[in-house]
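Let me begin by presenting the structure, written as structure tokens, before commenting on it.
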Amino acid sequence: MTADATRSAAWDLSEDQEAIKKAVDDGMKKFSLGYWREIDKAGEFPDEFFGFAAQQGWLGIAMPPEFGGAGLGISEAVMMMEGIARGGGLTAASTVHMNVFGTNVVVKHGSPEMKQASLPDIIGGRMKVAFGVSEPDSGLDTTSLRTRAVRDGGDWVVNGRKVWISTAQVADKILLLTRTREPDPGKSKADGLTLFFTDLDRDHIRVNEIEKVGRAAVDSNELFIDDLRVPDRDMVGEEGKGFKLLLDGLNPERLLVASEAIGIGRKALEIAVEYAKERQVFGRVIGMNQGVQFPLADSYARLESAWLMVLRGASLYDRGLDCGAEANSAKYLGGEYGFEAADRAMQTLGGYSYAKEYHVERLWREAKLTRLAPVSPELILCYLAERKLGLPKSY
């Protein structure tokens with residue numbers, strides 16, 4: 001095999017992956033940037049797009065075929081999410097993100113009865129899911145959460161608060177991380193945390209929407225949980241082992257968010273390039289100026305390098321290999337370079353970038369979130385310094 005053939009085999013997409021990419025690109029053409037601008041302005045969940053995504057099988061891309069899913073891997077999911085984000089920004093990606101990512105732990109660790117009762121409806125778009133982990137006082141220190149679940153007969157009674165919970169205004173179910181007991185002596189603080197996949201019962205969960213700078217159509221909320229009764233059958237995996245189960249989903253989510261950030265950056269770059277080819281100042285198009293060319297070309301190179309890290313991380317995950325460093329690096333690079341590309345697009349369009357009709361300002365606002373969540377760039381650097389460079393833990 002020649003060197004060129006080796007490179008091709010390592011990095012080229014498979015026929016199935018090429019087909020997925022084309023199908024997503026074609027599907028997203030049905031929802032123009034104007035559609036997403038109006039969705040953002042109205043602040044309403046894009047039910048039309050969500051229904052379309054379900055019909056296309058996008059919600060079940062990485063779910064088992066026996067429940068109606070496609071049975072594909074994270075490699076295919078990141079391609080899909082990049083295409084969705086490139087077509088409609090983070091608003092579009094977030095519409096389906098939680099159903100794709102949030103239910104991964106149910107697929108892996110839920111009981112057969114739980115899977116049968118929920119996965120077909122999730123895949124078919126008949127059930128929306130919220131992810132209830134973050135709390136006001138714990139932030140990224142998840143093991144210090146205060147939401148408690150107390151045994152009461154055959155049920156659990158849950159009380160506590162959650163914050164930054166996406167889609168809770170429209171969700172039917174919630175994946176809820178709670179503390180069911182204090183850690184055993186000598187054990188990690190993660191010991192005693194338990195996951196439940198249960199009804200989002202609004203009689204016992206007050207959902208307050210948080211007004212925010214971007215992605216208005218996909219709500220973020222603070223939840224106040226008051227005596228929520230959860231049946232024992234809604235427990236995911238073993239009691240007290242919920243945090244360990246949750247870790248199974250962290251690397252895939254980092255890869256998905258990275259792909260979404262890259263998709264946003266690529267769309268912003270595309271808009272900037274087209275503008276630079278047409279906008280004339282002092283008798284010549286601004287795209288002739290190296291001061292305009294170099295930042296855009298630099299963003300192209302950076303986005304492509306981040307995308308290769310996403311593909312590597314997803315490939316490792318799908319083969320059951322450790323991908324922690326790759327997933328975190330992909331999230332770091334994707335978030336940084338995606339936002340940078342959007343910011344450079346704003347600079348290229350100048351004053352017009354502030355006009356909503358040019359769409360760049362929305363991509364810029366949404367790209368910022370991919371730097372902040374679900375993990376900060378600073379904490380990723382701490383992880384890499386400790387795990388890959390062997391430096392002492394700093395927090």
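Residues in the structure tokens are named by chain (A, B, ... in the order shown) and by number from 1 within that chain; ligands are numbered from 1 in the order shown.
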Compile the contact shell of stretch 295-304 of chain A as a ChimeraX atom specification: residues with an atom at most 12 Å away, counting only C-alpha atoms, same-chain residues fewer than 3 positions apart removed.
/A:82,258-276,287,289-292,307-311,330-349
List every residue of stretch 207-265 of chain A that DSSP, applied to the backbone of this structure, assigns to alpha helix (DSSP H), and report them as a VMD selection string.
chain A and resid 242 to 265
Write a file of the selected residues as a CSV table (one decimal), in the first residue's frame, keeping N, CA and C atoms.
chain,number,residue,atom,x,y,z
A,242,GLY,N,-24.2,6.4,40.2
A,242,GLY,CA,-24.7,7.2,39.1
A,242,GLY,C,-23.6,8.1,38.4
A,243,PHE,N,-22.7,8.6,39.2
A,243,PHE,CA,-21.6,9.4,38.7
A,243,PHE,C,-20.7,8.7,37.7
A,244,LYS,N,-20.4,7.4,38.1
A,244,LYS,CA,-19.6,6.6,37.2
A,244,LYS,C,-20.3,6.4,35.9
A,245,LEU,N,-21.6,6.1,35.9
A,245,LEU,CA,-22.4,5.9,34.7
A,245,LEU,C,-22.4,7.2,33.9
A,246,LEU,N,-22.5,8.3,34.5
A,246,LEU,CA,-22.5,9.6,33.9
A,246,LEU,C,-21.3,9.9,33.1
A,247,LEU,N,-20.1,9.4,33.6
A,247,LEU,CA,-18.9,9.6,33.0
A,247,LEU,C,-18.8,9.0,31.6
A,248,ASP,N,-19.6,7.9,31.4
A,248,ASP,CA,-19.6,7.2,30.1
A,248,ASP,C,-20.1,8.2,29.0
A,249,GLY,N,-20.9,9.2,29.3
A,249,GLY,CA,-21.4,10.1,28.3
A,249,GLY,C,-20.6,11.4,28.2
A,250,LEU,N,-19.6,11.7,29.0
A,250,LEU,CA,-19.0,12.9,29.0
A,250,LEU,C,-18.1,13.1,27.7
A,251,ASN,N,-17.4,12.0,27.4
A,251,ASN,CA,-16.5,12.1,26.2
A,251,ASN,C,-17.3,12.3,24.9
A,252,PRO,N,-18.4,11.5,24.7
A,252,PRO,CA,-19.2,11.7,23.5
A,252,PRO,C,-19.8,13.1,23.5
A,253,GLU,N,-20.2,13.7,24.6
A,253,GLU,CA,-20.8,15.0,24.6
A,253,GLU,C,-19.7,16.1,24.2
A,254,ARG,N,-18.5,15.9,24.7
A,254,ARG,CA,-17.5,16.8,24.3
A,254,ARG,C,-17.2,16.8,22.8
A,255,LEU,N,-17.3,15.6,22.2
A,255,LEU,CA,-17.1,15.4,20.8
A,255,LEU,C,-18.2,16.1,20.0
A,256,LEU,N,-19.4,15.9,20.5
A,256,LEU,CA,-20.6,16.4,19.8
A,256,LEU,C,-20.6,18.0,19.9
A,257,VAL,N,-20.2,18.5,21.0
A,257,VAL,CA,-20.2,20.0,21.2
A,257,VAL,C,-19.1,20.5,20.3
A,258,ALA,N,-17.9,19.8,20.2
A,258,ALA,CA,-16.8,20.3,19.4
A,258,ALA,C,-17.3,20.3,17.9
A,259,SER,N,-18.0,19.3,17.5
A,259,SER,CA,-18.4,19.3,16.1
A,259,SER,C,-19.4,20.4,15.8
A,260,GLU,N,-20.3,20.7,16.8
A,260,GLU,CA,-21.2,21.8,16.6
A,260,GLU,C,-20.5,23.1,16.5
A,261,ALA,N,-19.5,23.3,17.4
A,261,ALA,CA,-18.7,24.6,17.3
A,261,ALA,C,-18.0,24.7,16.0
A,262,ILE,N,-17.5,23.6,15.5
A,262,ILE,CA,-16.8,23.7,14.2
A,262,ILE,C,-17.8,24.0,13.1
A,263,GLY,N,-19.0,23.4,13.1
A,263,GLY,CA,-20.0,23.7,12.1
A,263,GLY,C,-20.4,25.1,12.1
A,264,ILE,N,-20.6,25.7,13.3
A,264,ILE,CA,-20.9,27.2,13.4
A,264,ILE,C,-19.7,28.0,12.8
A,265,GLY,N,-18.5,27.6,13.2
A,265,GLY,CA,-17.4,28.4,12.6
A,265,GLY,C,-17.3,28.3,11.1
Surrounding residues of stretch 136-152 of chain A excluding itself and chain neighbours under 4 positions, 8 Å, only C-alpha atoms, as a ChimeraX atom specification
/A:156-163,177-180,189-190,193,243,375
Contacts of stretch 205-210 of chain A at 9 Å (only C-alpha atoms; same-chain gap of 6+ positions) as a ChimeraX atom specification
/A:164,168-169,219-228
May I have the selected residues written with N, CA and C atoms, as a CSV table (one decimal), in the first residue's frame?
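Final output, result_31.csv:
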chain,number,residue,atom,x,y,z
A,164,TRP,N,-29.4,25.7,34.6
A,164,TRP,CA,-29.0,25.5,33.2
A,164,TRP,C,-29.4,24.2,32.6
A,168,ALA,N,-36.2,22.1,29.4
A,168,ALA,CA,-37.1,21.7,30.5
A,168,ALA,C,-38.5,22.3,30.3
A,169,GLN,N,-38.6,23.4,29.5
A,169,GLN,CA,-39.9,23.9,29.2
A,169,GLN,C,-40.8,22.9,28.4
A,219,ASP,N,-34.7,26.5,25.4
A,219,ASP,CA,-34.8,27.2,26.7
A,219,ASP,C,-33.7,26.6,27.6
A,220,SER,N,-33.3,27.4,28.5
A,220,SER,CA,-32.4,27.0,29.7
A,220,SER,C,-33.2,27.5,30.9
A,221,ASN,N,-33.0,26.6,32.0
A,221,ASN,CA,-33.9,26.8,33.1
A,221,ASN,C,-33.3,26.5,34.5
A,222,GLU,N,-33.9,27.1,35.5
A,222,GLU,CA,-33.6,26.7,36.9
A,222,GLU,C,-34.8,25.9,37.3
A,223,LEU,N,-34.5,24.7,38.0
A,223,LEU,CA,-35.5,23.8,38.4
A,223,LEU,C,-35.6,23.8,40.0
A,224,PHE,N,-36.8,23.9,40.5
A,224,PHE,CA,-37.0,23.7,42.0
A,224,PHE,C,-37.8,22.4,42.2
A,225,ILE,N,-37.2,21.5,42.8
A,225,ILE,CA,-37.8,20.1,42.9
A,225,ILE,C,-38.3,20.0,44.4
A,226,ASP,N,-39.6,19.7,44.5
A,226,ASP,CA,-40.2,19.7,45.8
A,226,ASP,C,-41.0,18.4,45.9
A,227,ASP,N,-40.5,17.5,46.7
A,227,ASP,CA,-41.1,16.2,47.0
A,227,ASP,C,-41.5,15.5,45.7
A,228,LEU,N,-40.6,15.4,44.8
A,228,LEU,CA,-40.9,14.6,43.6
A,228,LEU,C,-40.8,13.1,43.9
Just the residues within 10 Å of A:Pro65, please, counting only C-alpha atoms, with nothing from its chain fewer than 6 positions along; format it as a list in words.
Gly71, Leu72 and Pro120 of chain A
Atom CA of A:Met80 to atom CA of A:Phe294, straight-line distance in Å
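So the two atoms, atom CA of A:Phe294 and atom CA of A:Met80, lie 29.3 Å apart.
Minimum distance to A:Lys187 across A:Arg319, A:Arg312, A:Arg37, A:Lys241 (counting only C-alpha atoms) occurs at A:Lys241.
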Could you please determine the separation between atom CA of A:Ser75 and atom CA of A:Gly89 in Å, to one decimal place?
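It comes out at 19.9 Å.
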Here is a test: counting only C-alpha atoms, which residue of A:Glu76, A:Glu366, A:Asp199, A:Asp121 is nearest to A:Ala314?
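The shortest atom-to-atom distance to A:Ala314 comes from A:Glu76.
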Restricting the calculation to only C-alpha atoms, which member of A:Phe131, A:Trp58, A:Tyr354, A:Phe31 is positioned closest to A:Met79?
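Closest residue, counting only C-alpha atoms: A:Trp58.
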Enumerate as a VMD selection string all residues of stretch 31-186 of chain A assigned to strand (DSSP E) by DSSP on the backbone, naming them with the chain letters and numbers the document uses.
chain A and resid 129 to 132 148 to 152 155 to 166 173 to 179
Could you write out that same residue set with C-alpha atoms as a PDB file, in the first residue's frame?
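And here's selection.pdb as it stands now:
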ATOM      1  CA  VAL A 129     -35.559  14.733  27.334  1.00  0.00           C
ATOM      2  CA  ALA A 130     -33.870  17.162  29.750  1.00  0.00           C
ATOM      3  CA  PHE A 131     -30.534  16.533  31.464  1.00  0.00           C
ATOM      4  CA  GLY A 132     -30.672  17.436  35.170  1.00  0.00           C
ATOM      5  CA  ARG A 148     -31.269  14.544  47.671  1.00  0.00           C
ATOM      6  CA  ALA A 149     -33.318  11.416  47.008  1.00  0.00           C
ATOM      7  CA  VAL A 150     -34.626   9.675  50.130  1.00  0.00           C
ATOM      8  CA  ARG A 151     -36.062   6.167  50.153  1.00  0.00           C
ATOM      9  CA  ASP A 152     -39.780   6.018  50.984  1.00  0.00           C
ATOM     10  CA  ASP A 155     -40.177   4.950  45.858  1.00  0.00           C
ATOM     11  CA  TRP A 156     -37.693   7.769  46.260  1.00  0.00           C
ATOM     12  CA  VAL A 157     -38.615  11.325  47.232  1.00  0.00           C
ATOM     13  CA  VAL A 158     -36.420  13.986  45.628  1.00  0.00           C
ATOM     14  CA  ASN A 159     -35.822  17.560  46.774  1.00  0.00           C
ATOM     15  CA  GLY A 160     -33.330  20.084  45.453  1.00  0.00           C
ATOM     16  CA  ARG A 161     -32.433  22.559  42.715  1.00  0.00           C
ATOM     17  CA  LYS A 162     -30.916  22.317  39.261  1.00  0.00           C
ATOM     18  CA  VAL A 163     -29.765  25.081  36.930  1.00  0.00           C
ATOM     19  CA  TRP A 164     -28.967  25.546  33.241  1.00  0.00           C
ATOM     20  CA  ILE A 165     -31.261  22.669  32.356  1.00  0.00           C
ATOM     21  CA  SER A 166     -31.962  22.828  28.618  1.00  0.00           C
ATOM     22  CA  LYS A 173     -38.578  13.165  30.867  1.00  0.00           C
ATOM     23  CA  ILE A 174     -35.527  14.188  32.859  1.00  0.00           C
ATOM     24  CA  LEU A 175     -32.294  12.368  33.590  1.00  0.00           C
ATOM     25  CA  LEU A 176     -31.752  13.415  37.194  1.00  0.00           C
ATOM     26  CA  LEU A 177     -28.559  13.079  39.221  1.00  0.00           C
ATOM     27  CA  THR A 178     -29.150  12.973  42.970  1.00  0.00           C
ATOM     28  CA  ARG A 179     -27.401  11.993  46.176  1.00  0.00           C
TER      29      ARG A 179
END
For atom CA of A:Val100 and atom CA of A:Arg387, quote the distance in Å rounded to one decimal.
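Computing the Euclidean distance for atom CA of A:Val100 and atom CA of A:Arg387 yields 28.1 Å.
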